[in-house]
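Undergrad: File input03.cif follows (mmCIF, C-alpha atoms and all ligand atoms):
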data_my_file
#
loop_
_atom_site.label_atom_id
_atom_site.label_comp_id
_atom_site.auth_asym_id
_atom_site.auth_seq_id
_atom_site.Cartn_x
_atom_site.Cartn_y
_atom_site.Cartn_z
CA MET F 1 -27.34 2.11 8.67
CA SER F 2 -25.23 5.06 9.87
CA GLN F 3 -23.59 7.26 7.28
CA PHE F 4 -20.26 9.01 7.56
CA SER F 5 -18.78 12.07 5.97
CA VAL F 6 -15.48 11.36 4.17
CA ALA F 7 -12.71 13.61 2.81
CA VAL F 8 -10.17 12.26 0.30
CA VAL F 9 -7.03 14.39 0.69
CA GLY F 10 -4.74 14.09 -2.35
CA ALA F 11 -7.85 13.27 -4.39
CA THR F 12 -6.30 14.23 -7.75
CA GLY F 13 -3.32 11.88 -7.32
CA ALA F 14 -2.86 8.24 -8.33
CA VAL F 15 -3.83 6.97 -4.85
CA GLY F 16 -6.62 9.52 -4.25
CA ARG F 17 -8.36 8.74 -7.56
CA GLU F 18 -8.27 5.03 -6.69
CA MET F 19 -9.76 5.84 -3.28
CA LEU F 20 -12.70 7.64 -4.88
CA LYS F 21 -13.20 4.70 -7.25
CA ILE F 22 -13.16 2.12 -4.45
CA LEU F 23 -15.42 4.15 -2.11
CA TRP F 24 -17.98 4.14 -4.91
CA GLU F 25 -17.47 0.47 -5.91
CA ARG F 26 -17.82 -0.78 -2.33
CA LYS F 27 -20.80 1.50 -1.64
CA PHE F 28 -19.09 2.93 1.43
CA PRO F 29 -21.85 4.41 3.63
CA ALA F 30 -20.91 8.03 2.96
CA SER F 31 -23.30 10.89 3.69
CA ALA F 32 -20.89 13.22 1.84
CA VAL F 33 -17.57 12.84 0.01
CA PHE F 34 -15.18 15.79 -0.30
CA ALA F 35 -12.26 15.84 -2.77
CA VAL F 36 -9.34 17.85 -1.37
CA ALA F 37 -5.95 18.67 -2.90
CA SER F 38 -3.60 21.66 -3.22
CA GLU F 39 -4.44 25.10 -4.52
CA ARG F 40 -3.06 23.95 -7.92
CA SER F 41 -6.13 21.80 -8.60
CA ALA F 42 -8.68 23.53 -6.35
CA GLY F 43 -11.82 24.35 -8.34
CA SER F 44 -11.32 21.57 -10.89
CA GLU F 45 -13.80 18.70 -11.28
CA ILE F 46 -13.10 15.07 -10.42
CA GLU F 47 -15.23 11.98 -11.01
CA PHE F 48 -16.86 10.09 -8.16
CA GLY F 49 -18.94 7.30 -9.66
CA ASP F 50 -21.70 8.99 -11.65
CA GLN F 51 -21.11 12.27 -9.84
CA LYS F 52 -18.60 15.09 -10.22
CA LEU F 53 -16.91 16.63 -7.19
CA ILE F 54 -15.30 20.07 -7.10
CA VAL F 55 -11.78 19.83 -5.69
CA GLU F 56 -11.27 21.93 -2.55
CA ASN F 57 -8.07 23.53 -1.26
CA LEU F 58 -6.56 21.74 1.75
CA GLU F 59 -5.22 25.01 3.14
CA ASN F 60 -8.64 26.29 4.13
CA PHE F 61 -10.63 23.06 4.34
CA ASP F 62 -12.79 22.65 7.49
CA PHE F 63 -12.35 19.11 8.88
CA SER F 64 -14.91 19.61 11.66
CA LYS F 65 -17.60 18.49 9.16
CA VAL F 66 -15.71 15.27 8.34
CA ASP F 67 -15.77 11.90 10.18
CA ILE F 68 -13.03 10.12 8.21
CA GLY F 69 -10.08 11.64 6.30
CA LEU F 70 -8.39 9.39 3.75
CA PHE F 71 -5.01 11.11 3.32
CA SER F 72 -2.40 10.67 0.54
CA PRO F 73 -0.97 14.17 -0.13
CA GLY F 74 2.67 13.19 0.67
CA SER F 75 4.34 12.91 4.07
CA SER F 76 5.36 16.58 4.51
CA VAL F 77 1.73 17.65 3.92
CA SER F 78 0.27 14.91 6.16
CA LYS F 79 2.71 15.96 8.88
CA ILE F 80 0.97 19.34 9.12
CA TYR F 81 -2.63 18.59 8.13
CA ALA F 82 -3.30 15.13 9.64
CA PRO F 83 -2.90 16.34 13.27
CA LYS F 84 -4.89 19.46 12.37
CA ALA F 85 -7.78 17.37 11.00
CA ALA F 86 -7.51 14.96 13.94
CA SER F 87 -7.78 17.84 16.42
CA GLN F 88 -11.05 18.83 14.71
CA GLY F 89 -12.53 15.36 15.45
CA CYS F 90 -11.81 13.75 12.07
CA VAL F 91 -10.19 10.29 12.22
CA VAL F 92 -7.35 10.32 9.69
CA ILE F 93 -6.28 7.19 7.81
CA ASP F 94 -2.92 8.28 6.46
CA ASN F 95 -1.21 6.63 3.50
CA THR F 96 2.17 8.31 3.99
CA SER F 97 5.17 7.14 6.02
CA GLU F 98 4.88 10.12 8.38
CA PHE F 99 3.25 8.37 11.38
CA ARG F 100 3.90 4.68 10.63
CA GLN F 101 6.56 4.26 13.32
CA ASP F 102 4.77 6.39 15.94
CA PRO F 103 4.03 3.97 18.83
CA ASP F 104 0.71 5.76 19.45
CA VAL F 105 -0.48 5.28 15.86
CA PRO F 106 -1.81 1.86 14.81
CA LEU F 107 -0.37 0.54 11.53
CA ILE F 108 -3.02 -1.74 10.09
CA ILE F 109 -3.51 -4.44 7.49
CA PRO F 110 -7.06 -5.67 8.13
CA GLU F 111 -6.23 -9.32 7.26
CA VAL F 112 -3.19 -9.28 9.57
CA ASN F 113 -3.62 -7.12 12.71
CA PRO F 114 -7.23 -5.82 12.77
CA ALA F 115 -7.40 -5.73 16.58
CA THR F 116 -4.96 -2.78 16.71
CA ILE F 117 -7.83 -0.57 15.44
CA SER F 118 -8.77 -0.25 19.15
CA GLU F 119 -5.83 2.21 19.47
CA PHE F 120 -7.23 4.70 16.97
CA ARG F 121 -8.29 7.24 19.61
CA ASN F 122 -4.68 7.75 20.85
CA LYS F 123 -4.17 10.41 18.20
CA ASN F 124 -7.20 10.07 15.91
CA ILE F 125 -4.66 8.92 13.31
CA ILE F 126 -4.25 5.45 11.78
CA SER F 127 -1.41 4.64 9.38
CA ASN F 128 -1.68 2.63 6.21
CA PRO F 129 1.53 0.64 5.61
CA ASN F 130 3.74 0.84 2.52
CA CYS F 131 2.42 -1.10 -0.48
CA SER F 132 5.37 -3.53 -0.59
CA THR F 133 4.88 -4.40 3.07
CA ILE F 134 1.11 -4.87 2.75
CA GLN F 135 1.13 -7.47 -0.01
CA MET F 136 4.05 -9.35 1.56
CA LEU F 137 2.44 -9.60 5.00
CA VAL F 138 -1.04 -10.56 3.74
CA ALA F 139 0.65 -13.61 2.17
CA LEU F 140 3.06 -14.34 5.03
CA LYS F 141 0.53 -14.06 7.89
CA PRO F 142 -0.95 -17.60 7.59
CA LEU F 143 2.55 -19.08 7.33
CA HIS F 144 3.80 -17.03 10.31
CA ASP F 145 0.81 -18.25 12.36
CA PHE F 146 1.66 -21.87 11.47
CA SER F 147 5.39 -21.64 12.17
CA PRO F 148 6.95 -18.30 13.21
CA ILE F 149 9.07 -16.61 10.56
CA ASN F 150 12.59 -15.71 11.76
CA ARG F 151 13.90 -14.13 8.60
CA VAL F 152 12.69 -12.70 5.28
CA ILE F 153 14.81 -11.94 2.23
CA VAL F 154 12.85 -10.08 -0.44
CA SER F 155 13.51 -8.47 -3.82
CA THR F 156 10.72 -6.29 -5.17
CA TYR F 157 9.77 -5.44 -8.75
CA GLN F 158 7.72 -2.26 -8.30
CA ALA F 159 5.46 -0.56 -10.83
CA VAL F 160 5.91 3.12 -11.68
CA SER F 161 2.38 3.97 -10.49
CA GLY F 162 3.87 3.68 -6.97
CA THR F 163 5.61 7.01 -7.68
CA GLY F 164 2.41 8.76 -8.80
CA THR F 165 0.86 10.15 -11.96
CA ALA F 166 4.02 11.94 -13.16
CA ALA F 167 5.92 8.62 -13.23
CA ILE F 168 3.18 6.86 -15.23
CA ASP F 169 3.50 9.69 -17.79
CA GLU F 170 7.32 9.40 -17.77
CA LEU F 171 7.27 5.67 -18.58
CA SER F 172 4.81 6.26 -21.41
CA THR F 173 6.74 9.26 -22.85
CA GLN F 174 10.14 7.55 -22.66
CA SER F 175 8.78 4.35 -24.23
CA LYS F 176 7.43 6.34 -27.22
CA GLN F 177 10.69 8.33 -27.51
CA ILE F 178 12.81 5.18 -27.59
CA LEU F 179 10.58 3.38 -30.08
CA ASN F 180 10.87 6.49 -32.29
CA ASP F 181 14.70 6.45 -32.02
CA GLU F 182 14.68 9.64 -29.93
CA ASN F 183 16.57 10.35 -26.70
CA ALA F 184 14.59 9.49 -23.56
CA GLU F 185 14.53 12.30 -21.04
CA ALA F 186 14.56 11.33 -17.32
CA LYS F 187 12.77 13.78 -15.00
CA VAL F 188 11.00 11.78 -12.29
CA TYR F 189 13.64 9.04 -11.87
CA PRO F 190 17.41 9.62 -11.83
CA LYS F 191 17.86 7.26 -14.81
CA GLN F 192 15.79 6.10 -17.76
CA ILE F 193 12.98 3.78 -16.57
CA ALA F 194 11.64 2.63 -19.96
CA PHE F 195 13.26 -0.71 -20.95
CA ASN F 196 15.35 -0.54 -17.76
CA VAL F 197 15.44 -1.70 -14.11
CA LEU F 198 16.49 0.64 -11.27
CA PRO F 199 17.67 -0.82 -7.92
CA HIS F 200 16.58 2.31 -6.11
CA ILE F 201 13.23 3.28 -4.51
CA ASP F 202 12.98 6.37 -2.30
CA ASP F 203 16.11 8.03 -0.87
CA PHE F 204 19.27 6.22 0.23
CA THR F 205 19.95 6.14 3.97
CA GLU F 206 23.29 6.12 5.85
CA ASN F 207 23.41 2.30 6.06
CA GLY F 208 23.28 1.94 2.27
CA GLN F 209 19.65 0.78 2.31
CA THR F 210 16.95 2.84 0.67
CA LYS F 211 14.08 4.22 2.73
CA GLU F 212 11.72 1.79 0.93
CA GLU F 213 13.91 -1.11 2.10
CA MET F 214 13.90 0.21 5.67
CA LYS F 215 10.10 0.64 5.53
CA MET F 216 9.71 -3.09 4.73
CA HIS F 217 12.00 -3.96 7.66
CA ASN F 218 10.46 -1.62 10.25
CA GLU F 219 6.82 -2.01 9.25
CA THR F 220 7.01 -5.83 9.26
CA ARG F 221 8.27 -5.74 12.86
CA LYS F 222 5.51 -3.36 13.97
CA ILE F 223 2.66 -5.20 12.20
CA PHE F 224 3.76 -8.68 13.30
CA ALA F 225 4.53 -7.20 16.77
CA ASP F 226 7.88 -8.98 16.68
CA ASP F 227 11.12 -7.03 17.05
CA ASN F 228 13.24 -10.12 16.37
CA ILE F 229 12.06 -10.83 12.83
CA MET F 230 14.82 -10.00 10.33
CA VAL F 231 13.85 -8.49 6.99
CA SER F 232 16.42 -7.84 4.29
CA ALA F 233 14.99 -6.14 1.20
CA THR F 234 16.21 -4.97 -2.20
CA THR F 235 13.57 -2.71 -3.71
CA VAL F 236 13.63 -2.30 -7.47
CA ARG F 237 11.65 -0.15 -9.93
CA VAL F 238 10.63 -1.86 -13.17
CA PRO F 239 8.89 -0.54 -16.30
CA VAL F 240 5.45 -1.85 -15.33
CA VAL F 241 2.48 0.51 -14.87
CA TYR F 242 0.33 -1.29 -12.26
CA GLY F 243 1.19 -4.17 -9.91
CA HIS F 244 4.16 -4.85 -7.64
CA SER F 245 5.80 -8.30 -7.70
CA GLU F 246 8.04 -9.73 -5.00
CA ALA F 247 10.39 -12.73 -4.78
CA VAL F 248 10.28 -13.64 -1.09
CA LEU F 249 12.40 -16.17 0.80
CA ILE F 250 11.25 -16.96 4.34
CA GLU F 251 13.00 -18.94 7.03
CA THR F 252 10.60 -20.41 9.60
CA LYS F 253 11.17 -21.89 13.07
CA SER F 254 10.21 -25.35 11.78
CA PRO F 255 10.01 -26.30 8.10
CA ILE F 256 6.82 -25.65 6.09
CA SER F 257 6.46 -27.87 3.05
CA PRO F 258 5.26 -26.29 -0.22
CA GLU F 259 2.15 -28.50 0.00
CA LYS F 260 1.33 -27.24 3.51
CA ALA F 261 1.97 -23.64 2.44
CA ARG F 262 -0.44 -24.06 -0.49
CA GLU F 263 -3.07 -25.52 1.85
CA LEU F 264 -2.68 -22.60 4.30
CA LEU F 265 -2.72 -19.97 1.55
CA SER F 266 -5.69 -21.45 -0.31
CA SER F 267 -8.02 -20.41 2.53
CA ALA F 268 -6.22 -17.27 3.74
CA PRO F 269 -8.20 -14.00 3.72
CA GLY F 270 -7.29 -11.68 0.86
CA VAL F 271 -5.04 -14.26 -0.84
CA LYS F 272 -5.50 -15.98 -4.19
CA LEU F 273 -3.26 -18.94 -4.84
CA VAL F 274 -2.14 -19.26 -8.47
CA ASP F 275 0.47 -21.97 -8.42
CA ASP F 276 0.16 -24.54 -11.18
CA ILE F 277 3.50 -24.71 -12.98
CA GLY F 278 2.32 -27.80 -14.90
CA ASN F 279 -0.03 -25.45 -16.73
CA LEU F 280 2.49 -22.57 -16.65
CA ASP F 281 0.21 -20.76 -14.24
CA TYR F 282 1.71 -18.21 -11.85
CA PRO F 283 0.64 -14.63 -11.07
CA THR F 284 1.97 -11.59 -12.94
CA ALA F 285 1.47 -7.85 -12.51
CA ILE F 286 -0.87 -7.76 -15.51
CA ASP F 287 -3.08 -10.43 -13.86
CA ALA F 288 -3.18 -8.52 -10.56
CA ALA F 289 -3.88 -5.03 -11.96
CA GLY F 290 -7.39 -3.88 -11.08
CA LYS F 291 -7.94 -6.80 -8.67
CA ASP F 292 -8.26 -6.76 -4.88
CA GLU F 293 -6.39 -9.93 -3.92
CA VAL F 294 -2.77 -10.65 -3.13
CA PHE F 295 -1.72 -13.37 -5.60
CA VAL F 296 0.81 -16.05 -4.61
CA GLY F 297 2.60 -18.61 -6.74
CA ARG F 298 5.99 -20.30 -7.43
CA ILE F 299 5.96 -21.81 -3.93
CA ARG F 300 8.98 -24.05 -3.57
CA LYS F 301 11.61 -25.28 -1.15
CA ASP F 302 14.76 -23.25 -0.62
CA LEU F 303 17.57 -25.55 -1.76
CA SER F 304 20.06 -23.84 0.58
CA ASN F 305 18.14 -24.20 3.85
CA PRO F 306 15.70 -26.90 5.07
CA ASN F 307 13.64 -24.24 6.92
CA GLY F 308 13.45 -21.98 3.87
CA LEU F 309 10.55 -21.45 1.47
CA TRP F 310 10.29 -19.31 -1.66
CA LEU F 311 7.13 -17.45 -2.73
CA TRP F 312 6.26 -15.10 -5.59
CA ILE F 313 3.78 -12.46 -4.38
CA VAL F 314 1.95 -10.02 -6.68
CA SER F 315 -0.71 -7.37 -6.03
CA ASP F 316 -2.13 -4.13 -7.41
CA ASN F 317 -0.06 -1.53 -5.56
CA LEU F 318 -2.67 1.23 -5.83
CA ARG F 319 -5.52 -1.01 -4.66
CA LYS F 320 -4.48 -3.44 -1.88
CA GLY F 321 -1.16 -1.58 -1.55
CA ALA F 322 -2.79 1.77 -0.84
CA ALA F 323 -6.43 2.79 -1.51
CA LEU F 324 -8.23 -0.50 -0.87
CA ASN F 325 -6.32 -1.20 2.35
CA SER F 326 -7.21 2.31 3.60
CA ILE F 327 -10.89 1.81 2.83
CA GLN F 328 -10.85 -1.61 4.51
CA ILE F 329 -9.42 0.18 7.58
CA ALA F 330 -12.28 2.69 7.31
CA GLU F 331 -14.73 -0.24 7.20
CA LEU F 332 -13.14 -1.65 10.39
CA LEU F 333 -13.36 1.79 11.98
CA ILE F 334 -17.07 2.29 11.37
CA GLY F 335 -17.67 -1.08 13.03
CA GLN F 336 -16.15 0.24 16.29
CA ASP F 337 -18.67 1.31 18.96
CA SER F 338 -16.11 3.81 20.29
CA PHE F 339 -16.05 5.49 16.85
CA ARG F 340 -19.81 5.72 16.41
CA GLU F 341 -20.54 6.70 20.03
CA GLN F 342 -18.27 9.74 20.16
CA GLY F 343 -20.20 11.72 17.61
CA ASN F 344 -18.70 10.17 14.47
P1 LIG F 401 0.55 11.88 -6.98
O1 LIG F 401 -0.12 11.15 -8.06
O2 LIG F 401 1.74 12.72 -7.30
O3 LIG F 401 -0.55 12.80 -6.26
C1 LIG F 401 -0.23 13.67 -5.18
C2 LIG F 401 -1.52 14.19 -4.59
O4 LIG F 401 -1.21 14.97 -3.42
C3 LIG F 401 -2.30 15.11 -5.54
O5 LIG F 401 -3.67 14.99 -5.28
C4 LIG F 401 -1.80 16.48 -5.10
O6 LIG F 401 -2.71 17.51 -5.40
C5 LIG F 401 -1.75 16.28 -3.60
N1 LIG F 401 -0.89 17.27 -2.97
C6 LIG F 401 0.42 17.50 -3.18
N2 LIG F 401 0.85 18.54 -2.43
C7 LIG F 401 -0.23 18.97 -1.73
C8 LIG F 401 -0.45 20.03 -0.82
N3 LIG F 401 0.52 20.87 -0.46
N4 LIG F 401 -1.70 20.18 -0.31
C9 LIG F 401 -2.70 19.36 -0.67
N5 LIG F 401 -2.56 18.35 -1.55
C10 LIG F 401 -1.34 18.17 -2.07
O7 LIG F 401 1.03 10.91 -5.82
P2 LIG F 401 0.35 9.55 -5.29
O8 LIG F 401 0.92 8.42 -6.01
O9 LIG F 401 -1.12 9.72 -5.25
O10 LIG F 401 0.96 9.47 -3.83
C11 LIG F 401 0.73 10.46 -2.87
C12 LIG F 401 1.30 10.03 -1.55
O11 LIG F 401 0.63 8.85 -1.11
C13 LIG F 401 2.78 9.64 -1.59
O12 LIG F 401 3.63 10.75 -1.42
C14 LIG F 401 2.88 8.67 -0.45
O13 LIG F 401 3.09 9.35 0.77
C15 LIG F 401 1.52 8.00 -0.43
N6 LIG F 401 1.57 6.70 -1.10
C16 LIG F 401 1.51 5.61 -0.35
C17 LIG F 401 1.60 4.37 -0.92
C18 LIG F 401 1.63 3.16 -0.06
O14 LIG F 401 2.54 2.41 -0.23
N7 LIG F 401 0.67 2.94 0.81
C19 LIG F 401 1.72 4.21 -2.28
C20 LIG F 401 1.75 5.35 -3.07
C21 LIG F 401 1.68 6.58 -2.46
P3 LIG F 401 -2.56 18.53 -6.67
O15 LIG F 401 -3.28 17.88 -7.82
O16 LIG F 401 -3.27 19.75 -6.22
O17 LIG F 401 -1.11 18.72 -6.92
O1 LIG F 402 7.31 3.56 -4.78
C1 LIG F 402 6.36 2.82 -4.53
O2 LIG F 402 6.07 1.86 -5.24
C2 LIG F 402 5.53 3.09 -3.32
C3 LIG F 402 5.70 4.48 -2.86
C4 LIG F 402 5.35 4.90 -1.70
C5 LIG F 402 5.67 6.24 -1.26
C6 LIG F 402 6.02 7.22 -2.21
C7 LIG F 402 6.39 8.48 -1.81
C8 LIG F 402 6.41 8.80 -0.48
C9 LIG F 402 5.65 6.57 0.09
C10 LIG F 402 5.20 5.56 1.09
O3 LIG F 402 4.01 5.28 1.13
O4 LIG F 402 6.00 5.05 1.86
C11 LIG F 402 6.06 7.84 0.47
C12 LIG F 402 6.10 8.24 1.90
O5 LIG F 402 5.06 8.61 2.42
O6 LIG F 402 7.19 8.20 2.48
#
As a first step, turn the structure in this file into structure tokens.
Ligand code: NAP
Ligand code: 3JN
TA:
Amino acid sequence: MSQFSVAVVGATGAVGREMLKILWERKFPASAVFAVASERSAGSEIEFGDQKLIVENLENFDFSKVDIGLFSPGSSVSKIYAPKAASQGCVVIDNTSEFRQDPDVPLIIPEVNPATISEFRNKNIISNPNCSTIQMLVALKPLHDFSPINRVIVSTYQAVSGTGTAAIDELSTQSKQILNDENAEAKVYPKQIAFNVLPHIDDFTENGQTKEEMKMHNETRKIFADDNIMVSATTVRVPVVYGHSEAVLIETKSPISPEKARELLSSAPGVKLVDDIGNLDYPTAIDAAGKDEVFVGRIRKDLSNPNGLWLWIVSDNLRKGAALNSIQIAELLIGQDSFREQGN
């Protein structure tokens, strides 16, 4: 079997560490793995399975020796270094929002639109969608195929790990401070996150939506290749460490009964149905943390609309929402003749 050289850019971050873990777990056919980050952590050691990698500085890293770059260093850094790596022959799978709306860059969820991988040579860059979009569309795809979805109304309940390692530390520190009757200091978020709920993820835009809400709207349209689908999101940060949850209301062209939805979802790729209210069984963030699947439960009719259906969708935001989805894209990529034939 062919082997490929892989660089993880942003390797010391919450997403990058998960990427290293998953590359190892899935035995990705890697001839070499490079850990790359900023000059702040260059020279430090990071674990890769039973090995230790020395972190290298992105500023002077040579991408001509790399086949696949798994990028998560933030959008302003990807903006500069992803095209640079791509011009050196490395195919970049970028986890940031920087290229997601570029018409020449495929935006891929392997269970949903795998065929768009054929466009990877346009720029040698592939985008990984936002975590909230990924888990929602993995669950909605089989329903959309059965009866097209016209409209989605979603409220998210997003874990702090979506903001990175500093936010995980902030939730832990504030929780201890409050339980010790001390003042909780907010640094990463504008308000206290411990024992609180913040209706605010990423910056606000001119239309009153946050960027995270606009990502769910725009990315759904691109991935479903449907510019008519309406997505209205409220994205909310909750004091959970791992696992995003979503309450999703869909309106379909013709009605889908809860029974039919359960039948479709029970055999859908990447989905695990957990919907047994008789036994108080429904998915939670704690159940999803560390797992690969998108969990779906609480499927029920919308009482306000005969074509409406409610779902509760939960997944590990750092795995399927980021690192795992990127590595599944890499697995699709290495299956492409046009990737292997051009010297990769
Ligand atoms: P994080 O824990 O704060 O880690 C940031 C990583 O980026 C660290 O490895 C950091 O390296 C590196 N970095 C920062 N500035 C850099 C620079 N100038 N040059 C090279 N490396 C640099 O954040 P995270 O949670 O891993 O998220 C990182 C990015 O991934 C986010 O900004 C976002 O764009 C993307 N992301 C996507 C999703 C998704 O929904 N698919 C989810 C979460 C995150 P040092 O250790 O050297 O500082
Ligand atoms: O907040 C979350 O739960 C997910 C965060 C994603 C994120 C965080 C900072 C910058 C992104 C993203 O992937 O959309 C970005 C970004 O690249 O814009």
Undergrad: Within 7 Å of stretch 324-329 of chain F, counting only C-alpha atoms, which residues qualify if same-chain residues fewer than 6 places away don't, as an NGL selection string?
TA: :F and (19 or 22 or 93 or 109-110 or 128)
Undergrad: With C-alpha atoms retained, could you export that selection as a tab-separated table (two decimals), keeping the file's coordinate frame?
TA:
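As written to disk, again15.tsv reads:
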chain	number	residue	atom	x	y	z
F	19	MET	CA	-9.76	5.84	-3.28
F	22	ILE	CA	-13.16	2.12	-4.45
F	93	ILE	CA	-6.28	7.19	7.81
F	109	ILE	CA	-3.51	-4.44	7.49
F	110	PRO	CA	-7.06	-5.67	8.13
F	128	ASN	CA	-1.68	2.63	6.21
Undergrad: From the list F:Ala330, F:Leu23, F:Ala322, F:Ala261, which residue is nearest F:Arg298 when using all atoms listed in the file?
TA: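 Of F:Ala330, F:Leu23, F:Ala322, F:Ala261, the one nearest F:Arg298, counting all atoms listed in the file, is F:Ala261.
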Undergrad: Mind pulling up the distance from atom CA of F:Val92 to atom CA of F:Asp67?
TA: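 According to the coordinates, atom CA of F:Asp67 and atom CA of F:Val92 are separated by 8.6 Å.
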Undergrad: Put the listed atoms of stretch 33-45 of chain F in a box along x, y and z with 5 Å added on every side and give me the centre and edge lengths in Å to one decimal, as lines of an AutoDock Vina configuration file.
TA:
center_x = -10.3
center_y = 19.0
center_z = -5.6
size_x = 24.5
size_y = 22.3
size_z = 21.3
Undergrad: Write out as a Markdown table a residue-level contact list of chain F versus ligand LIG 401 (chain F) with cut-off 6 Å: for each qualifying residue the closest pair of atoms and the distance in Å to one decimal, counting only C-alpha atoms and all ligand atoms, rows sorted by chain and residue number upward.
TA:
| residue | atom | partner | partner_atom | distance |
| --- | --- | --- | --- | --- |
| F:Gly10 | CA | F:LIG401 | O5 | 3.2 |
| F:Ala11 | CA | F:LIG401 | O5 | 4.6 |
| F:Thr12 | CA | F:LIG401 | O5 | 3.7 |
| F:Gly13 | CA | F:LIG401 | O3 | 3.1 |
| F:Ala14 | CA | F:LIG401 | O9 | 3.8 |
| F:Val15 | CA | F:LIG401 | O9 | 3.9 |
| F:Gly16 | CA | F:LIG401 | O9 | 5.6 |
| F:Ala37 | CA | F:LIG401 | N5 | 3.7 |
| F:Ser38 | CA | F:LIG401 | C9 | 3.6 |
| F:Glu39 | CA | F:LIG401 | O16 | 5.7 |
| F:Arg40 | CA | F:LIG401 | O16 | 4.5 |
| F:Ser41 | CA | F:LIG401 | O16 | 4.2 |
| F:Leu58 | CA | F:LIG401 | C9 | 5.1 |
| F:Ser72 | CA | F:LIG401 | O11 | 3.9 |
| F:Pro73 | CA | F:LIG401 | O4 | 3.4 |
| F:Gly74 | CA | F:LIG401 | O12 | 3.4 |
| F:Ser75 | CA | F:LIG401 | O13 | 5.0 |
| F:Val77 | CA | F:LIG401 | N3 | 5.6 |
| F:Asn95 | CA | F:LIG401 | C16 | 4.8 |
| F:Thr96 | CA | F:LIG401 | O13 | 3.5 |
| F:Asn128 | CA | F:LIG401 | N7 | 5.9 |
| F:Pro129 | CA | F:LIG401 | N7 | 5.4 |
| F:Asn130 | CA | F:LIG401 | O14 | 3.4 |
| F:Cys131 | CA | F:LIG401 | O14 | 3.5 |
| F:Gly162 | CA | F:LIG401 | C20 | 4.7 |
| F:Thr163 | CA | F:LIG401 | O8 | 5.2 |
| F:Gly164 | CA | F:LIG401 | O8 | 3.2 |
| F:Thr165 | CA | F:LIG401 | O1 | 4.1 |
| F:Gly321 | CA | F:LIG401 | N7 | 5.4 |
| F:Ala322 | CA | F:LIG401 | N7 | 4.0 |
Undergrad: Write to file, as an mmCIF file, in the frame of the given file, the residues of the selection just made, with C-alpha atoms.
TA:
data_model
loop_
_atom_site.group_PDB
_atom_site.id
_atom_site.type_symbol
_atom_site.label_atom_id
_atom_site.label_comp_id
_atom_site.auth_asym_id
_atom_site.auth_seq_id
_atom_site.Cartn_x
_atom_site.Cartn_y
_atom_site.Cartn_z
ATOM 1 C CA GLY F 10 -4.740 14.090 -2.350
ATOM 2 C CA ALA F 11 -7.850 13.270 -4.390
ATOM 3 C CA THR F 12 -6.300 14.230 -7.750
ATOM 4 C CA GLY F 13 -3.320 11.880 -7.320
ATOM 5 C CA ALA F 14 -2.860 8.240 -8.330
ATOM 6 C CA VAL F 15 -3.830 6.970 -4.850
ATOM 7 C CA GLY F 16 -6.620 9.520 -4.250
ATOM 8 C CA ALA F 37 -5.950 18.670 -2.900
ATOM 9 C CA SER F 38 -3.600 21.660 -3.220
ATOM 10 C CA GLU F 39 -4.440 25.100 -4.520
ATOM 11 C CA ARG F 40 -3.060 23.950 -7.920
ATOM 12 C CA SER F 41 -6.130 21.800 -8.600
ATOM 13 C CA LEU F 58 -6.560 21.740 1.750
ATOM 14 C CA SER F 72 -2.400 10.670 0.540
ATOM 15 C CA PRO F 73 -0.970 14.170 -0.130
ATOM 16 C CA GLY F 74 2.670 13.190 0.670
ATOM 17 C CA SER F 75 4.340 12.910 4.070
ATOM 18 C CA VAL F 77 1.730 17.650 3.920
ATOM 19 C CA ASN F 95 -1.210 6.630 3.500
ATOM 20 C CA THR F 96 2.170 8.310 3.990
ATOM 21 C CA ASN F 128 -1.680 2.630 6.210
ATOM 22 C CA PRO F 129 1.530 0.640 5.610
ATOM 23 C CA ASN F 130 3.740 0.840 2.520
ATOM 24 C CA CYS F 131 2.420 -1.100 -0.480
ATOM 25 C CA GLY F 162 3.870 3.680 -6.970
ATOM 26 C CA THR F 163 5.610 7.010 -7.680
ATOM 27 C CA GLY F 164 2.410 8.760 -8.800
ATOM 28 C CA THR F 165 0.860 10.150 -11.960
ATOM 29 C CA GLY F 321 -1.160 -1.580 -1.550
ATOM 30 C CA ALA F 322 -2.790 1.770 -0.840
#
Undergrad: Name the closest residue to ligand LIG 402 (chain F) among the candidates F:Trp310, F:Tyr157, F:Phe28, F:Phe195; distances are taken between atoms, counting all atoms listed in the file.
TA: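 For ligand LIG 402 (chain F), the nearest of the candidates is F:Tyr157.
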Undergrad: Which one of F:Asp62, F:Asp169, F:Asp226, F:Asp145 sits closest to F:Ser254 if you count all atoms listed in the file?
TA: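 Using all atoms listed in the file, F:Ser254 sits closest to F:Asp145.
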Undergrad: Which is closest to F:Arg121 among F:Ser161, F:Ser64, F:Ser266, F:Gln336, if we use only C-alpha atoms?
TA: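 Closest to F:Arg121 of all the choices is F:Gln336.
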Undergrad: Could you tell me which of F:Pro83, F:Pro239, F:Gly89, F:Gly297 comes closest to ligand LIG 402 (chain F) if we count only C-alpha atoms and all ligand atoms?
TA: F:Pro239
Undergrad: For F:Glu219, which residue out of F:Lys21, F:Arg100, F:Arg151, F:Lys260 is the nearest one, using only C-alpha atoms?
TA: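 Nearest candidate to F:Glu219 out of F:Lys21, F:Arg100, F:Arg151, F:Lys260: F:Arg100.
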Undergrad: Any idea what the distance is between atom CA of F:Glu246 and atom CA of F:Ile313?
TA: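 Going from atom CA of F:Glu246 over to atom CA of F:Ile313 covers 5.1 Å.
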Undergrad: Find the residues near F:Asn113: any atom within 10 Å, counting all atoms listed in the file, skip ones fewer than 2 places away on the same chain, and give them as a VMD selection string.
TA: chain F and resid 106 to 111 115 to 117 138 141 222 to 225
